[in-house]
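Structure, as C-alpha cells:
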Protein chains: 2
Amino acid sequence: MARDPKSFCSINLALEVFGDKWTLLIIRDIMLGDKRHFREILQSEEKISTNILTDRLNMLESRGILTKGNDPSHKQKFVYSLTQKGIDLLPVIAAMAQWSLKHEPVSAISQQHTQPIAEGGPELIGRLSDELATKHL
Amino acid sequence: MARDPKSFCSINLALEVFGDKWTLLIIRDIMLGDKRHFREILQSEEKISTNILTDRLNMLESRGILTKGNDPSHKQKFVYSLTQKGIDLLPVIAAMAQWSLKHEPVSAISQQHTQPIAEGGPELIGRLSDELATKHL
DNA sequence: ACAAGCAGTTGTAATAAACAAGTTGTAGAA
DNA sequence: TTCTACAACTTGTTTATTACAACTGCTTGT
C-alpha cells in the first residue's frame, strides 16, 4: 500500500499520505464532525463511495493516523479513532480552511464551522487538540 | 479545467485546488526554492514530467495562484510568479512541514530547509510572506 | 421471518500519470 | 551561417489509479 516515496522532503512525505481529494475530508469528518463510523462518514455531502472510504480508512490505519476498534453496541460496527499523529493534522486543516475562507467561495454553513478554527490562533488549536485527545486516545 | 466542486466546504474547496501529489510541490519550489522557470522546477528531485508540470502551471495560473510573465533575458522563457493567493499558501506548507517533521522520516536536508518555517511561528510566516510579496508581486 | 442497517467487495468505466518522442522557436558559439 | 544546446510545450502510447454502481454476507430490531 505504501510505496517508497519520491523523496524525503517533508512536503512530499505529507502529500504522499494525504495528497488526494478524499483523505482529508475523512479526517475532517472524524475531527470536526465527530463522525466515528463508516456510515456516518459515508453520508457527508461529498458522497464518497464505499470502496474509496474502505481504502482510505485502511491506509490511514496502516499509517498510524487512526485506529479501528470494535463497537460494543454492534458486532459488525467499527469505531474509528484518531491517533496523536491524526490529531496533529488539525493545524493543516486549519491552515487550509483559512486559505479557502480568504480566497474561495466557501458556503455560509462551512464558514460557520471552519472560521473559528481558522482564525482562533494557536491557543484554540491547542485546546481543540486536547479535547480530541481525551475523546480519541 | 475547473469542474464544479463536490461541495463548498472550505476544506473541500482547498483540496479541489491542490489536493493532489504534484501541485504543492510546484508551489514549494517556487516559494521556498526560488525557482521561477519551467526547467528549474522540472529538475527537482521528485522528477515531475513535462506534461504534468505544464498542466499544473496552467491550472494554477487559471485559478489565480500564479502569473506567467515574459523573461526579458530570453524571449521564449517565462517567469512564474506567485500572486497573493499563492503566497497565502505558505501557512499550509508550513503546517504540512511541521506535521511531517514530527511524524515522518524527513531527510536531513529537507529538515534544514523546512524546520525554520515549520517552527518559526506566525511572525516568521509574516516576514516570509512580505519577502515573497516584494519578490513576486 | 424479514426489512433495515452494517462494513466491505467486485467489476467496469473513467481519469490521471508515466514515459518517450516530436515541435517550434531562441541564443550563443564556431 | 550553421551547429548545438536550450526554452516551453505537445502528442501519443502505455500503465496505474480512482470513481461509480451493483452486490455480498453478516447483524440487528421489530
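By order of appearance in the C-alpha cells: chains A, B, ..., then residues from 1 within every chain, and ligands from 1 in the order shown.
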
Once chain A is superposed on chain B with a least-squares fit on all C-alpha pairs taken in order, can you show it as a tab-separated table (two decimals) with N, CA and C atoms, in the first residue's frame?
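New file out.tsv:
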```
chain	number	residue	atom	x	y	z
A	1	MET	N	-11.43	23.15	-17.31
A	1	MET	CA	-10.39	22.70	-16.37
A	1	MET	C	-10.91	22.62	-14.93
A	2	ALA	N	-11.54	23.72	-14.49
A	2	ALA	CA	-12.09	23.70	-13.13
A	2	ALA	C	-13.56	23.31	-13.19
A	3	ARG	N	-13.86	22.09	-12.84
A	3	ARG	CA	-15.25	21.64	-12.84
A	3	ARG	C	-15.93	22.08	-11.54
A	4	ASP	N	-17.23	21.95	-11.49
A	4	ASP	CA	-17.90	22.41	-10.28
A	4	ASP	C	-17.58	21.48	-9.12
A	5	PRO	N	-17.34	22.10	-7.99
A	5	PRO	CA	-16.85	21.36	-6.83
A	5	PRO	C	-17.90	20.42	-6.25
A	6	LYS	N	-17.40	19.38	-5.61
A	6	LYS	CA	-18.27	18.41	-4.93
A	6	LYS	C	-19.06	19.06	-3.80
A	7	SER	N	-18.47	20.10	-3.21
A	7	SER	CA	-19.16	20.84	-2.14
A	7	SER	C	-18.46	22.17	-1.98
A	8	PHE	N	-19.07	23.06	-1.23
A	8	PHE	CA	-18.47	24.35	-0.96
A	8	PHE	C	-17.92	24.42	0.45
A	9	CYS	N	-17.57	23.27	0.98
A	9	CYS	CA	-16.84	23.19	2.24
A	9	CYS	C	-15.44	23.74	2.02
A	10	SER	N	-14.94	24.50	2.97
A	10	SER	CA	-13.63	25.14	2.80
A	10	SER	C	-12.53	24.10	2.58
A	11	ILE	N	-12.59	23.01	3.30
A	11	ILE	CA	-11.57	21.98	3.15
A	11	ILE	C	-11.64	21.37	1.75
A	12	ASN	N	-12.86	21.07	1.32
A	12	ASN	CA	-13.01	20.48	-0.01
A	12	ASN	C	-12.56	21.43	-1.11
A	13	LEU	N	-12.90	22.70	-0.99
A	13	LEU	CA	-12.49	23.66	-2.02
A	13	LEU	C	-10.97	23.75	-2.11
A	14	ALA	N	-10.32	23.71	-0.98
A	14	ALA	CA	-8.85	23.71	-1.01
A	14	ALA	C	-8.33	22.45	-1.69
A	15	LEU	N	-8.92	21.31	-1.36
A	15	LEU	CA	-8.47	20.05	-1.95
A	15	LEU	C	-8.71	20.02	-3.46
A	16	GLU	N	-9.75	20.66	-3.91
A	16	GLU	CA	-10.00	20.65	-5.35
A	16	GLU	C	-8.95	21.47	-6.09
A	17	VAL	N	-8.28	22.37	-5.38
A	17	VAL	CA	-7.21	23.15	-6.02
A	17	VAL	C	-5.87	22.43	-5.91
A	18	PHE	N	-5.49	22.04	-4.70
A	18	PHE	CA	-4.15	21.47	-4.54
A	18	PHE	C	-4.17	20.11	-3.86
A	19	GLY	N	-5.28	19.40	-3.98
A	19	GLY	CA	-5.37	18.05	-3.41
A	19	GLY	C	-4.85	17.01	-4.38
A	20	ASP	N	-3.57	17.06	-4.68
A	20	ASP	CA	-2.96	16.03	-5.53
A	20	ASP	C	-1.49	15.94	-5.16
A	21	LYS	N	-0.79	15.05	-5.82
A	21	LYS	CA	0.58	14.76	-5.41
A	21	LYS	C	1.60	15.77	-5.92
A	22	TRP	N	1.24	16.64	-6.84
A	22	TRP	CA	2.25	17.48	-7.49
A	22	TRP	C	2.12	18.98	-7.24
A	23	THR	N	0.89	19.46	-7.17
A	23	THR	CA	0.68	20.92	-7.16
A	23	THR	C	1.47	21.63	-6.06
A	24	LEU	N	1.41	21.10	-4.85
A	24	LEU	CA	2.08	21.81	-3.76
A	24	LEU	C	3.60	21.69	-3.85
A	25	LEU	N	4.08	20.67	-4.55
A	25	LEU	CA	5.53	20.58	-4.76
A	25	LEU	C	6.00	21.72	-5.66
A	26	ILE	N	5.18	22.05	-6.64
A	26	ILE	CA	5.50	23.18	-7.52
A	26	ILE	C	5.49	24.48	-6.72
A	27	ILE	N	4.46	24.65	-5.91
A	27	ILE	CA	4.38	25.84	-5.05
A	27	ILE	C	5.61	25.90	-4.13
A	28	ARG	N	5.95	24.78	-3.54
A	28	ARG	CA	7.14	24.71	-2.68
A	28	ARG	C	8.39	25.19	-3.42
A	29	ASP	N	8.58	24.69	-4.65
A	29	ASP	CA	9.77	25.06	-5.42
A	29	ASP	C	9.82	26.56	-5.70
A	30	ILE	N	8.66	27.11	-6.06
A	30	ILE	CA	8.61	28.55	-6.36
A	30	ILE	C	8.80	29.35	-5.08
A	31	MET	N	8.15	28.88	-4.01
A	31	MET	CA	8.11	29.65	-2.78
A	31	MET	C	9.40	29.52	-1.98
A	32	LEU	N	9.84	28.31	-1.74
A	32	LEU	CA	10.99	28.08	-0.87
A	32	LEU	C	12.28	27.90	-1.66
A	33	GLY	N	12.17	27.39	-2.88
A	33	GLY	CA	13.37	27.14	-3.67
A	33	GLY	C	13.70	28.27	-4.63
A	34	ASP	N	12.85	29.29	-4.62
A	34	ASP	CA	13.03	30.45	-5.49
A	34	ASP	C	13.20	30.06	-6.96
A	35	LYS	N	12.48	29.04	-7.36
A	35	LYS	CA	12.52	28.62	-8.76
A	35	LYS	C	11.43	29.37	-9.52
A	36	ARG	N	11.82	29.97	-10.61
A	36	ARG	CA	10.86	30.80	-11.33
A	36	ARG	C	10.65	30.35	-12.76
A	37	HIS	N	11.43	29.36	-13.22
A	37	HIS	CA	11.32	28.90	-14.60
A	37	HIS	C	10.95	27.42	-14.68
A	38	PHE	N	10.30	27.10	-15.77
A	38	PHE	CA	9.87	25.74	-16.06
A	38	PHE	C	10.99	24.72	-15.81
A	39	ARG	N	12.14	24.96	-16.42
A	39	ARG	CA	13.24	23.99	-16.32
A	39	ARG	C	13.75	23.83	-14.90
A	40	GLU	N	13.74	24.92	-14.15
A	40	GLU	CA	14.20	24.83	-12.76
A	40	GLU	C	13.31	23.90	-11.94
A	41	ILE	N	12.01	24.09	-12.10
A	41	ILE	CA	11.06	23.26	-11.35
A	41	ILE	C	11.19	21.80	-11.80
A	42	LEU	N	11.40	21.65	-13.10
A	42	LEU	CA	11.53	20.30	-13.66
A	42	LEU	C	12.69	19.52	-13.05
A	43	GLN	N	13.73	20.24	-12.62
A	43	GLN	CA	14.92	19.56	-12.12
A	43	GLN	C	14.84	19.16	-10.66
A	44	SER	N	13.73	19.40	-9.99
A	44	SER	CA	13.61	19.00	-8.59
A	44	SER	C	13.69	17.49	-8.45
A	45	GLU	N	14.03	17.08	-7.25
A	45	GLU	CA	14.35	15.66	-7.07
A	45	GLU	C	13.17	14.72	-7.30
A	46	GLU	N	11.94	15.25	-7.24
A	46	GLU	CA	10.80	14.35	-7.45
A	46	GLU	C	10.56	14.02	-8.92
A	47	LYS	N	11.26	14.72	-9.80
A	47	LYS	CA	11.22	14.41	-11.23
A	47	LYS	C	9.80	14.43	-11.81
A	48	ILE	N	9.19	15.56	-11.68
A	48	ILE	CA	7.89	15.77	-12.32
A	48	ILE	C	8.09	15.77	-13.83
A	49	SER	N	7.10	15.27	-14.55
A	49	SER	CA	7.25	15.24	-16.01
A	49	SER	C	6.66	16.49	-16.64
A	50	THR	N	7.11	16.74	-17.87
A	50	THR	CA	6.81	18.04	-18.49
A	50	THR	C	5.32	18.28	-18.67
A	51	ASN	N	4.59	17.26	-19.05
A	51	ASN	CA	3.16	17.50	-19.29
A	51	ASN	C	2.41	17.80	-18.01
A	52	ILE	N	2.79	17.14	-16.91
A	52	ILE	CA	2.12	17.42	-15.65
A	52	ILE	C	2.47	18.82	-15.18
A	53	LEU	N	3.74	19.18	-15.33
A	53	LEU	CA	4.14	20.54	-14.94
A	53	LEU	C	3.39	21.58	-15.76
A	54	THR	N	3.32	21.36	-17.06
A	54	THR	CA	2.55	22.27	-17.92
A	54	THR	C	1.10	22.38	-17.45
A	55	ASP	N	0.50	21.23	-17.22
A	55	ASP	CA	-0.90	21.20	-16.80
A	55	ASP	C	-1.12	21.96	-15.49
A	56	ARG	N	-0.26	21.69	-14.51
A	56	ARG	CA	-0.44	22.32	-13.20
A	56	ARG	C	-0.15	23.81	-13.23
A	57	LEU	N	0.86	24.20	-13.98
A	57	LEU	CA	1.16	25.63	-14.08
A	57	LEU	C	-0.01	26.37	-14.71
A	58	ASN	N	-0.58	25.79	-15.75
A	58	ASN	CA	-1.74	26.42	-16.38
A	58	ASN	C	-2.92	26.47	-15.42
A	59	MET	N	-3.13	25.39	-14.70
A	59	MET	CA	-4.22	25.34	-13.73
A	59	MET	C	-4.03	26.41	-12.67
A	60	LEU	N	-2.82	26.50	-12.14
A	60	LEU	CA	-2.54	27.47	-11.08
A	60	LEU	C	-2.68	28.90	-11.60
A	61	GLU	N	-2.32	29.09	-12.85
A	61	GLU	CA	-2.49	30.42	-13.43
A	61	GLU	C	-3.99	30.74	-13.59
A	62	SER	N	-4.73	29.76	-14.11
A	62	SER	CA	-6.16	29.99	-14.35
A	62	SER	C	-6.92	30.21	-13.04
A	63	ARG	N	-6.38	29.69	-11.95
A	63	ARG	CA	-7.04	29.88	-10.66
A	63	ARG	C	-6.49	31.08	-9.90
A	64	GLY	N	-5.60	31.80	-10.52
A	64	GLY	CA	-5.11	33.02	-9.89
A	64	GLY	C	-4.13	32.81	-8.77
A	65	ILE	N	-3.42	31.68	-8.79
A	65	ILE	CA	-2.44	31.41	-7.74
A	65	ILE	C	-1.04	31.81	-8.20
A	66	LEU	N	-0.84	31.78	-9.49
A	66	LEU	CA	0.39	32.37	-10.00
A	66	LEU	C	0.16	33.02	-11.36
A	67	THR	N	1.11	33.86	-11.72
A	67	THR	CA	1.04	34.55	-13.01
A	67	THR	C	2.26	34.17	-13.84
A	68	LYS	N	2.09	34.29	-15.14
A	68	LYS	CA	3.11	33.87	-16.08
A	68	LYS	C	3.53	35.10	-16.89
A	69	GLY	N	4.79	35.48	-16.74
A	69	GLY	CA	5.26	36.66	-17.46
A	69	GLY	C	6.41	36.31	-18.38
A	70	ASN	N	6.66	37.17	-19.34
A	70	ASN	CA	7.78	36.94	-20.25
A	70	ASN	C	9.10	37.24	-19.57
A	71	ASP	N	10.11	36.46	-19.93
A	71	ASP	CA	11.45	36.69	-19.44
A	71	ASP	C	12.19	37.51	-20.50
A	72	PRO	N	12.61	38.72	-20.16
A	72	PRO	CA	13.28	39.56	-21.16
A	72	PRO	C	14.57	38.94	-21.70
A	73	SER	N	15.17	38.05	-20.92
A	73	SER	CA	16.46	37.48	-21.34
A	73	SER	C	16.32	36.38	-22.38
A	74	HIS	N	15.12	35.89	-22.55
A	74	HIS	CA	14.95	34.75	-23.45
A	74	HIS	C	13.50	34.72	-23.91
A	75	LYS	N	13.31	34.86	-25.21
A	75	LYS	CA	11.95	35.04	-25.72
A	75	LYS	C	11.04	33.83	-25.51
A	76	GLN	N	11.65	32.67	-25.34
A	76	GLN	CA	10.80	31.49	-25.16
A	76	GLN	C	10.70	31.06	-23.70
A	77	LYS	N	11.18	31.92	-22.85
A	77	LYS	CA	11.19	31.61	-21.42
A	77	LYS	C	10.10	32.40	-20.72
A	78	PHE	N	9.49	31.78	-19.70
A	78	PHE	CA	8.48	32.46	-18.90
A	78	PHE	C	8.93	32.53	-17.45
A	79	VAL	N	8.53	33.59	-16.79
A	79	VAL	CA	8.79	33.71	-15.35
A	79	VAL	C	7.47	33.49	-14.63
A	80	TYR	N	7.47	32.56	-13.70
A	80	TYR	CA	6.27	32.29	-12.91
A	80	TYR	C	6.37	33.00	-11.58
A	81	SER	N	5.33	33.77	-11.27
A	81	SER	CA	5.32	34.54	-10.02
A	81	SER	C	4.07	34.19	-9.23
A	82	LEU	N	4.23	34.21	-7.92
A	82	LEU	CA	3.09	33.96	-7.05
A	82	LEU	C	2.21	35.20	-6.96
A	83	THR	N	0.91	34.98	-6.85
A	83	THR	CA	-0.01	36.06	-6.49
A	83	THR	C	-0.15	36.05	-4.96
A	84	GLN	N	-0.94	36.97	-4.45
A	84	GLN	CA	-1.19	36.94	-3.00
A	84	GLN	C	-1.87	35.63	-2.61
A	85	LYS	N	-2.77	35.19	-3.48
A	85	LYS	CA	-3.45	33.91	-3.23
A	85	LYS	C	-2.44	32.77	-3.13
A	86	GLY	N	-1.40	32.85	-3.93
A	86	GLY	CA	-0.35	31.83	-3.86
A	86	GLY	C	0.52	31.98	-2.63
A	87	ILE	N	0.89	33.21	-2.32
A	87	ILE	CA	1.71	33.46	-1.14
A	87	ILE	C	0.98	32.99	0.12
A	88	ASP	N	-0.34	33.13	0.12
A	88	ASP	CA	-1.14	32.72	1.27
A	88	ASP	C	-1.16	31.22	1.49
A	89	LEU	N	-0.55	30.48	0.59
A	89	LEU	CA	-0.43	29.04	0.81
A	89	LEU	C	0.74	28.70	1.74
A	90	LEU	N	1.55	29.68	2.05
A	90	LEU	CA	2.69	29.43	2.93
A	90	LEU	C	2.30	28.79	4.27
A	91	PRO	N	1.26	29.27	4.94
A	91	PRO	CA	0.89	28.61	6.20
A	91	PRO	C	0.49	27.13	6.02
A	92	VAL	N	-0.11	26.81	4.87
A	92	VAL	CA	-0.46	25.42	4.61
A	92	VAL	C	0.81	24.58	4.48
A	93	ILE	N	1.74	25.07	3.69
A	93	ILE	CA	3.04	24.40	3.53
A	93	ILE	C	3.72	24.24	4.89
A	94	ALA	N	3.70	25.31	5.68
A	94	ALA	CA	4.36	25.26	6.99
A	94	ALA	C	3.72	24.21	7.90
A	95	ALA	N	2.39	24.15	7.88
A	95	ALA	CA	1.70	23.18	8.73
A	95	ALA	C	2.00	21.75	8.29
A	96	MET	N	2.08	21.56	6.98
A	96	MET	CA	2.40	20.22	6.48
A	96	MET	C	3.82	19.83	6.84
A	97	ALA	N	4.73	20.78	6.74
A	97	ALA	CA	6.12	20.51	7.09
A	97	ALA	C	6.23	20.14	8.57
A	98	GLN	N	5.51	20.89	9.39
A	98	GLN	CA	5.55	20.62	10.82
A	98	GLN	C	5.05	19.21	11.14
A	99	TRP	N	3.98	18.83	10.48
A	99	TRP	CA	3.43	17.49	10.70
A	99	TRP	C	4.43	16.41	10.28
A	100	SER	N	5.01	16.57	9.10
A	100	SER	CA	5.95	15.57	8.60
A	100	SER	C	7.20	15.48	9.48
A	101	LEU	N	7.67	16.63	9.90
A	101	LEU	CA	8.87	16.63	10.73
A	101	LEU	C	8.63	15.87	12.02
A	102	LYS	N	7.41	15.90	12.51
A	102	LYS	CA	7.10	15.16	13.73
A	102	LYS	C	6.85	13.68	13.48
A	103	HIS	N	6.26	13.38	12.33
A	103	HIS	CA	5.73	12.02	12.16
A	103	HIS	C	6.31	11.22	11.00
A	104	GLU	N	7.07	11.84	10.13
A	104	GLU	CA	7.56	11.10	8.96
A	104	GLU	C	9.09	11.18	8.90
A	105	PRO	N	9.72	10.26	8.17
A	105	PRO	CA	11.18	10.22	8.12
A	105	PRO	C	11.78	11.24	7.16
A	106	VAL	N	11.71	12.50	7.57
A	106	VAL	CA	12.20	13.59	6.72
A	106	VAL	C	13.73	13.55	6.67
A	107	SER	N	14.26	13.77	5.48
A	107	SER	CA	15.72	13.77	5.31
A	107	SER	C	16.35	14.96	6.02
A	108	ALA	N	17.64	14.84	6.31
A	108	ALA	CA	18.35	15.92	7.00
A	108	ALA	C	18.32	17.21	6.20
A	109	ILE	N	18.47	17.09	4.89
A	109	ILE	CA	18.48	18.30	4.05
A	109	ILE	C	17.14	19.00	4.10
A	110	SER	N	16.07	18.22	3.94
A	110	SER	CA	14.74	18.82	3.99
A	110	SER	C	14.46	19.39	5.37
A	111	GLN	N	14.97	18.71	6.38
A	111	GLN	CA	14.78	19.20	7.75
A	111	GLN	C	15.39	20.59	7.91
A	112	GLN	N	16.60	20.74	7.39
A	112	GLN	CA	17.26	22.04	7.46
A	112	GLN	C	16.44	23.12	6.75
A	113	HIS	N	15.83	22.74	5.63
A	113	HIS	CA	15.09	23.73	4.87
A	113	HIS	C	13.75	24.09	5.51
A	114	THR	N	13.07	23.07	6.05
A	114	THR	CA	11.68	23.31	6.45
A	114	THR	C	11.47	23.50	7.95
A	115	GLN	N	12.44	23.09	8.77
A	115	GLN	CA	12.23	23.24	10.21
A	115	GLN	C	12.03	24.71	10.63
A	116	PRO	N	12.85	25.62	10.10
A	116	PRO	CA	12.62	27.02	10.49
A	116	PRO	C	11.21	27.49	10.16
A	117	ILE	N	10.75	27.16	8.96
A	117	ILE	CA	9.41	27.59	8.56
A	117	ILE	C	8.33	26.93	9.41
A	118	ALA	N	8.56	25.65	9.73
A	118	ALA	CA	7.56	24.91	10.49
A	118	ALA	C	7.47	25.41	11.93
A	119	GLU	N	8.59	25.83	12.48
A	119	GLU	CA	8.61	26.15	13.91
A	119	GLU	C	8.82	27.63	14.17
A	120	GLY	N	8.87	28.41	13.11
A	120	GLY	CA	9.14	29.84	13.29
A	120	GLY	C	7.96	30.62	13.85
A	121	GLY	N	6.78	30.04	13.78
A	121	GLY	CA	5.61	30.73	14.31
A	121	GLY	C	5.08	31.79	13.35
A	122	PRO	N	3.96	32.39	13.75
A	122	PRO	CA	3.26	33.32	12.88
A	122	PRO	C	4.10	34.53	12.44
A	123	GLU	N	5.00	34.99	13.31
A	123	GLU	CA	5.78	36.19	12.92
A	123	GLU	C	6.69	35.87	11.75
A	124	LEU	N	7.36	34.71	11.82
A	124	LEU	CA	8.24	34.32	10.73
A	124	LEU	C	7.47	34.17	9.43
A	125	ILE	N	6.31	33.52	9.54
A	125	ILE	CA	5.45	33.37	8.35
A	125	ILE	C	5.12	34.74	7.78
A	126	GLY	N	4.80	35.67	8.67
A	126	GLY	CA	4.50	37.03	8.22
A	126	GLY	C	5.67	37.67	7.51
A	127	ARG	N	6.86	37.51	8.07
A	127	ARG	CA	8.03	38.11	7.45
A	127	ARG	C	8.31	37.49	6.09
A	128	LEU	N	8.22	36.16	6.03
A	128	LEU	CA	8.46	35.48	4.75
A	128	LEU	C	7.43	35.88	3.71
A	129	SER	N	6.18	36.04	4.15
A	129	SER	CA	5.14	36.48	3.22
A	129	SER	C	5.47	37.83	2.64
A	130	ASP	N	5.94	38.72	3.49
A	130	ASP	CA	6.31	40.06	3.01
A	130	ASP	C	7.46	39.98	2.01
A	131	GLU	N	8.44	39.15	2.32
A	131	GLU	CA	9.55	38.94	1.39
A	131	GLU	C	9.05	38.45	0.04
A	132	LEU	N	8.18	37.44	0.09
A	132	LEU	CA	7.63	36.89	-1.15
A	132	LEU	C	6.85	37.95	-1.91
A	133	ALA	N	6.13	38.78	-1.17
A	133	ALA	CA	5.33	39.81	-1.83
A	133	ALA	C	6.23	40.79	-2.60
A	134	THR	N	7.34	41.19	-2.01
A	134	THR	CA	8.23	42.11	-2.73
A	134	THR	C	8.86	41.42	-3.93
A	135	LYS	N	9.15	40.14	-3.80
A	135	LYS	CA	9.77	39.41	-4.91
A	135	LYS	C	8.81	39.15	-6.05
A	136	HIS	N	7.57	38.82	-5.72
A	136	HIS	CA	6.67	38.27	-6.73
A	136	HIS	C	5.60	39.24	-7.22
A	137	LEU	N	5.18	40.15	-6.40
A	137	LEU	CA	4.02	40.97	-6.79
A	137	LEU	C	4.46	42.24	-7.54
```

Output as an MDAnalysis selection string all residues of chain B that backbone DSSP marks as strand (DSSP E or B).
chainID B and resid 66:71 74:82

Writing out the chosen residues with all heavy atoms as a CSV table (one decimal), in the first residue's frame:
```csv
chain,number,residue,atom,x,y,z
B,66,LEU,N,-0.8,31.7,-9.5
B,66,LEU,CA,0.4,32.3,-10.0
B,66,LEU,C,0.2,33.0,-11.4
B,66,LEU,O,-0.9,32.8,-12.0
B,66,LEU,CB,1.6,31.3,-10.1
B,66,LEU,CG,1.4,29.9,-10.6
B,66,LEU,CD1,1.5,30.0,-12.1
B,66,LEU,CD2,2.5,29.0,-10.1
B,67,THR,N,1.1,33.8,-11.8
B,67,THR,CA,1.1,34.5,-13.0
B,67,THR,C,2.3,34.2,-13.9
B,67,THR,O,3.3,33.8,-13.3
B,67,THR,CB,1.0,36.0,-12.8
B,67,THR,OG1,2.2,36.4,-12.1
B,67,THR,CG2,-0.2,36.5,-12.1
B,68,LYS,N,2.1,34.3,-15.2
B,68,LYS,CA,3.2,33.9,-16.1
B,68,LYS,C,3.6,35.1,-16.9
B,68,LYS,O,2.8,35.7,-17.6
B,68,LYS,CB,2.5,32.8,-17.0
B,68,LYS,CG,3.4,32.2,-18.0
B,68,LYS,CD,2.5,31.1,-18.7
B,68,LYS,CE,3.2,30.6,-20.0
B,68,LYS,NZ,2.3,29.5,-20.6
B,69,GLY,N,4.8,35.5,-16.7
B,69,GLY,CA,5.3,36.7,-17.4
B,69,GLY,C,6.5,36.4,-18.3
B,69,GLY,O,7.1,35.3,-18.2
B,70,ASN,N,6.8,37.3,-19.2
B,70,ASN,CA,7.9,37.1,-20.1
B,70,ASN,C,9.2,37.3,-19.4
B,70,ASN,O,9.3,38.2,-18.6
B,70,ASN,CB,7.8,38.0,-21.3
B,70,ASN,CG,6.6,37.6,-22.2
B,70,ASN,OD1,6.5,36.4,-22.5
B,70,ASN,ND2,5.8,38.6,-22.6
B,71,ASP,N,10.2,36.6,-19.8
B,71,ASP,CA,11.6,36.8,-19.2
B,71,ASP,C,12.3,37.7,-20.2
B,71,ASP,O,12.5,37.2,-21.4
B,71,ASP,CB,12.2,35.4,-19.1
B,71,ASP,CG,13.6,35.6,-18.3
B,71,ASP,OD1,14.2,36.6,-18.4
B,71,ASP,OD2,14.0,34.6,-17.6
B,74,HIS,N,15.3,36.2,-22.3
B,74,HIS,CA,15.1,35.1,-23.3
B,74,HIS,C,13.7,35.1,-23.7
B,74,HIS,O,12.8,34.8,-22.9
B,74,HIS,CB,15.5,33.7,-22.6
B,74,HIS,CG,15.6,32.6,-23.5
B,74,HIS,ND1,14.6,32.2,-24.4
B,74,HIS,CD2,16.7,31.8,-23.8
B,74,HIS,CE1,15.0,31.2,-25.1
B,74,HIS,NE2,16.3,30.9,-24.8
B,75,LYS,N,13.5,35.3,-25.0
B,75,LYS,CA,12.1,35.6,-25.5
B,75,LYS,C,11.2,34.4,-25.4
B,75,LYS,O,10.0,34.5,-25.4
B,75,LYS,CB,12.2,36.1,-26.9
B,75,LYS,CG,12.5,37.6,-27.0
B,75,LYS,CD,12.4,38.0,-28.5
B,75,LYS,CE,12.9,39.5,-28.6
B,75,LYS,NZ,13.2,39.9,-29.9
B,76,GLN,N,11.8,33.2,-25.3
B,76,GLN,CA,10.9,32.0,-25.2
B,76,GLN,C,10.8,31.5,-23.7
B,76,GLN,O,10.3,30.4,-23.5
B,76,GLN,CB,11.4,30.9,-26.1
B,76,GLN,CG,10.2,30.0,-26.5
B,76,GLN,CD,10.4,29.4,-27.9
B,76,GLN,OE1,11.5,29.5,-28.4
B,76,GLN,NE2,9.4,28.7,-28.4
B,77,LYS,N,11.3,32.2,-22.8
B,77,LYS,CA,11.3,31.8,-21.4
B,77,LYS,C,10.2,32.6,-20.7
B,77,LYS,O,9.9,33.7,-21.0
B,77,LYS,CB,12.6,32.2,-20.8
B,77,LYS,CG,13.3,31.1,-20.0
B,77,LYS,CD,14.7,31.4,-19.8
B,77,LYS,CE,15.3,30.7,-18.6
B,77,LYS,NZ,16.7,31.0,-18.4
B,78,PHE,N,9.5,31.9,-19.7
B,78,PHE,CA,8.5,32.5,-18.9
B,78,PHE,C,9.0,32.6,-17.5
B,78,PHE,O,9.6,31.6,-17.0
B,78,PHE,CB,7.2,31.8,-19.1
B,78,PHE,CG,6.6,31.9,-20.4
B,78,PHE,CD1,6.6,30.8,-21.3
B,78,PHE,CD2,6.0,33.1,-20.9
B,78,PHE,CE1,6.1,30.9,-22.6
B,78,PHE,CE2,5.5,33.2,-22.1
B,78,PHE,CZ,5.5,32.1,-23.0
B,79,VAL,N,8.6,33.6,-16.8
B,79,VAL,CA,8.8,33.7,-15.3
B,79,VAL,C,7.5,33.5,-14.6
B,79,VAL,O,6.5,34.1,-14.9
B,79,VAL,CB,9.4,35.1,-15.0
B,79,VAL,CG1,9.8,35.1,-13.5
B,79,VAL,CG2,10.5,35.5,-15.8
B,80,TYR,N,7.5,32.5,-13.7
B,80,TYR,CA,6.3,32.3,-12.9
B,80,TYR,C,6.4,33.0,-11.6
B,80,TYR,O,7.4,32.8,-10.9
B,80,TYR,CB,6.1,30.7,-12.8
B,80,TYR,CG,5.9,30.1,-14.1
B,80,TYR,CD1,6.9,29.5,-14.8
B,80,TYR,CD2,4.6,30.1,-14.7
B,80,TYR,CE1,6.7,28.9,-16.0
B,80,TYR,CE2,4.4,29.5,-15.9
B,80,TYR,CZ,5.5,28.9,-16.6
B,80,TYR,OH,5.3,28.3,-17.8
B,81,SER,N,5.3,33.7,-11.3
B,81,SER,CA,5.3,34.5,-10.0
B,81,SER,C,4.1,34.1,-9.2
B,81,SER,O,3.0,33.9,-9.8
B,81,SER,CB,5.3,36.0,-10.4
B,81,SER,OG,6.4,36.4,-11.1
B,82,LEU,N,4.2,34.2,-7.9
B,82,LEU,CA,3.1,33.9,-7.1
B,82,LEU,C,2.2,35.2,-7.0
B,82,LEU,O,2.7,36.3,-7.0
B,82,LEU,CB,3.6,33.6,-5.7
B,82,LEU,CG,4.3,32.2,-5.5
B,82,LEU,CD1,5.1,32.2,-4.2
B,82,LEU,CD2,3.4,31.1,-5.7
```

What residues in chain D lie within 8 Å of chain B, counting only C-alpha atoms (C1' of nucleotides), written as a ChimeraX atom specification?
/D:7-9

Any chance you could list, as a PyMOL selection string, the residues in range 20-77 of chain B that come up alpha helix (DSSP H) when DSSP is run on the backbone?
chain B and resi 23-31+38-42+50-62

Within 12 Å of chain B: each chain C residue with its shortest pair, only C-alpha atoms (C1' of nucleotides), as a tab-separated table:
```
residue	atom	partner	partner_atom	distance
C:DA16	C1'	B:Ile52	CA	9.6
C:DA17	C1'	B:Ile52	CA	7.9
C:DA18	C1'	B:Ser49	CA	7.6
C:DC19	C1'	B:Ser49	CA	8.7
C:DA20	C1'	B:Ser49	CA	11.2
C:DT24	C1'	B:Gln76	CA	10.2
C:DG25	C1'	B:Gln76	CA	7.3
C:DT26	C1'	B:Gln76	CA	6.5
C:DA27	C1'	B:His74	CA	7.9
C:DG28	C1'	B:His74	CA	11.7
```
